[in-house]
Amino acid sequence: MDLALSLMTVVWWATQIAQPAYVGGIYLMSLILTNTATAKQVFSSAWTGSIMWLVIGAYLIAGAVNESGLGQRIAYAFIIKFVRSWKGIVISIFALTFILALLIPHPWPRAFMIMSVITVVAETAHMPKRDLAKLGLAVFAASCPLSGVFYTGDTSLNPLAVQASGQSVNFVSYFVYMGVPMIIAALLTMFCFLFLFKPSQEVHIDVEALKVQQSQLGKMTGKEIRTIFWLIVAIALWLTSGITGLDVGWLTLIVALMMSLPVIGGILTPKSWEGVPVNVLVFLTSAIAIGNVGAVTGMNNWIAKTIIPSNLPTNIYLLAIVITIFAMIIHMFMGSVIAVMGITIPAFVAATAHMGISPLAVSLLVFSVTNLHYILPFHNLAILVGSDPDTGGGYTQKDVMRLGIPLTAVVFIVALVEMFWFHLVGLA
């Protein structure tokens, strides 16, 4: 029954017959009503742990950075100082995404904010809409690898990948494991983009016009200063979580709540909570439940024994290639990164349990492969969101395929680099 309900859910997610949260809700209720799992087994891992509260805190902090105007101020200052050409714009997109990944703990608000600034840059340079769409793809493509650098870079995926392994990390240890591989993945993505996408005409950056736009932001406000203070507090707490033993999720939420207090806060308002999407929380709950309930019912072990080859290679690099191929094939049909992680990570963790490789290494490798791999927009939610003209991206499915197909080879390179790095840091 668990297998049937899980397959039903991931197929519905892949074919997009309904909004993902509705499908996830049907799955959760079906588990309980069919007595496949108890309500405690279905919900406890998601809501009694820190993941969901980390997501809520991350959305609130991201909203604070955007609403205060601090994010735009940082972006304008960076672009005015460093950008003078098409290549400079693309490099700045990746650099800003990396910098803001530490300040705005969710990829969508980051991408939307960067896109709003890039749109102004394009307008002042009298850039054709077609070229702006190409830059839109660069913005959302950059979010895929760079959201994986920091534990809080994508609060809907990174903590989930860690939890699926059954192990725990702190902010610093996650960066040690994933920082280098994901930065390399970002550089390869950027070089690939620069090779494939050229401007239709020579780009002339009107720096003076950008300075006018920057001046309209005015002097730094008290709200921005308070936002900077709480961001420094948040980063300090994240970095020292390994010493204090405090969970990153609880730290993120408490900092977000402090932003709403009088005098020392005044940044977040009751309306700010509208920026926390209930649909994302329901979707994440269902994605987490697939793996957790699968462990309780024995479905994960069955999948591992039935589908995954029994004679997996013991060489860690060959193992990385096998995992990459398996994850990519499933991802091609399922589409959803979270759905693939929910099915594939527990299965491979079970299949490699006797090999002495850390479950965390397996989990992070599957996460990296599925998050970096896309051929069509629906293969990655960030790419899909950015393709909507309303978000400012406006690139086409053809653009995504033009970048995604060559990036398939990059995924294999990253997987091997990642396994090598895991071996160096003692994870594999």
# chains A, B, ... in the order shown; residues from 1 in each chain; ligands from 1
call {"tool": "residues_around", "arguments": {"residues": "A:Ala142", "least_positions_apart": "2", "cutoff": "12 Å", "atoms": "only C-alpha atoms", "output": "PyMOL selection string"}}
result
chain A and resi 90-101+107-108+110-111+114-115+135-140+144-149+182-193+371-372+382-383+386+403
call {"tool": "closest_atom_pairs", "arguments": {"of": "stretch 80-168 of chain A", "to": "stretch 215-239 of chain A", "cutoff": "10 Å", "atoms": "only C-alpha atoms", "output": "Markdown table"}}
result
| residue | atom | partner | partner_atom | distance |
| --- | --- | --- | --- | --- |
| A:Leu102 | CA | A:Ile235 | CA | 7.6 |
| A:Leu103 | CA | A:Leu231 | CA | 6.6 |
| A:Ile104 | CA | A:Leu231 | CA | 9.1 |
| A:Tyr151 | CA | A:Trp238 | CA | 9.1 |
| A:Thr152 | CA | A:Trp238 | CA | 8.9 |
call {"tool": "write_last_selection", "arguments": {"atoms": "N, CA and C atoms", "output": "PDB file, in the first residue's frame"}}
result
ATOM      1  N   LEU A 102      24.112  33.568   1.725  1.00  0.00           N
ATOM      2  CA  LEU A 102      24.378  33.603   3.161  1.00  0.00           C
ATOM      3  C   LEU A 102      23.423  34.546   3.891  1.00  0.00           C
ATOM      4  N   LEU A 103      22.849  35.497   3.155  1.00  0.00           N
ATOM      5  CA  LEU A 103      21.995  36.514   3.781  1.00  0.00           C
ATOM      6  C   LEU A 103      20.511  36.245   3.599  1.00  0.00           C
ATOM      7  N   ILE A 104      20.143  35.639   2.476  1.00  0.00           N
ATOM      8  CA  ILE A 104      18.730  35.357   2.180  1.00  0.00           C
ATOM      9  C   ILE A 104      18.575  33.846   2.075  1.00  0.00           C
ATOM     10  N   TYR A 151      24.217  25.522   4.362  1.00  0.00           N
ATOM     11  CA  TYR A 151      23.110  24.721   4.888  1.00  0.00           C
ATOM     12  C   TYR A 151      21.790  25.465   4.778  1.00  0.00           C
ATOM     13  N   THR A 152      21.822  26.791   4.951  1.00  0.00           N
ATOM     14  CA  THR A 152      20.617  27.611   4.872  1.00  0.00           C
ATOM     15  C   THR A 152      20.402  28.192   3.475  1.00  0.00           C
TER      16      THR A 152
END
call {"tool": "closest_residue", "arguments": {"among": "A:Ala46, A:Leu7, A:Met259, A:Val169", "to": "A:Ile61", "atoms": "only C-alpha atoms"}}
result
A:Met259
call {"tool": "select_by_dssp", "arguments": {"residues": "stretch 22-113 of chain A", "states": "helix (DSSP H, G or I)", "output": "ChimeraX atom specification"}}
result
/A:22-33,39-47,51-68,70-82,86-100,107-113
call {"tool": "atom_distance", "arguments": {"atom1": "atom CA of A:Ile118", "atom2": "atom CA of A:Gly266"}}
result
29.1 Å
call {"tool": "closest_residue", "arguments": {"among": "A:Ala428, A:Val411, A:Phe420, A:Ala64", "to": "A:Gly356", "atoms": "only C-alpha atoms"}}
result
A:Ala428
call {"tool": "atom_distance", "arguments": {"atom1": "atom CA of A:Ser173", "atom2": "atom CA of A:Ser50"}}
result
17.4 Å
call {"tool": "closest_residue", "arguments": {"among": "A:Ala4, A:Phe197, A:His126, A:Val55", "to": "A:Lys87", "atoms": "only C-alpha atoms"}}
result
A:Phe197
call {"tool": "atom_distance", "arguments": {"atom1": "atom CA of A:Glu418", "atom2": "atom CA of A:Trp250"}}
result
29.0 Å
call {"tool": "residues_around", "arguments": {"residues": "A:Leu251", "least_positions_apart": "2", "cutoff": "9 Å", "atoms": "only C-alpha atoms", "output": "VMD selection string"}}
result
chain A and resid 54 57 234 237 to 238 241 246 to 249 253 to 256
call {"tool": "closest_residue", "arguments": {"among": "A:Ile267, A:Ala361, A:Met8, A:Leu60", "to": "A:Val349", "atoms": "only C-alpha atoms"}}
result
A:Ala361
call {"tool": "residues_around", "arguments": {"residues": "A:Lys40", "least_positions_apart": "3", "cutoff": "12 Å", "atoms": "only C-alpha atoms", "output": "ChimeraX atom specification"}}
result
/A:28,31-32,35-37,43-48,289,292-293,296
call {"tool": "residues_around", "arguments": {"residues": "A:Ile330", "least_positions_apart": "5", "cutoff": "10 Å", "atoms": "only C-alpha atoms", "output": "PyMOL selection string"}}
result
chain A and resi 325+335-337+339-341+343-344+370
call {"tool": "residues_around", "arguments": {"residues": "A:Ser168", "least_positions_apart": "4", "cutoff": "9 Å", "atoms": "only C-alpha atoms", "output": "PyMOL selection string"}}
result
chain A and resi 159+162-163+360
call {"tool": "residues_around", "arguments": {"residues": "A:Phe150", "least_positions_apart": "5", "cutoff": "8 Å", "atoms": "only C-alpha atoms", "output": "MDAnalysis selection string"}}
result
chainID A and resid 101:102 171 174:175 178:179
call {"tool": "closest_residue", "arguments": {"among": "A:Ala141, A:Ile357, A:Leu33, A:Val180", "to": "A:Asn315", "atoms": "only C-alpha atoms"}}
result
A:Ile357
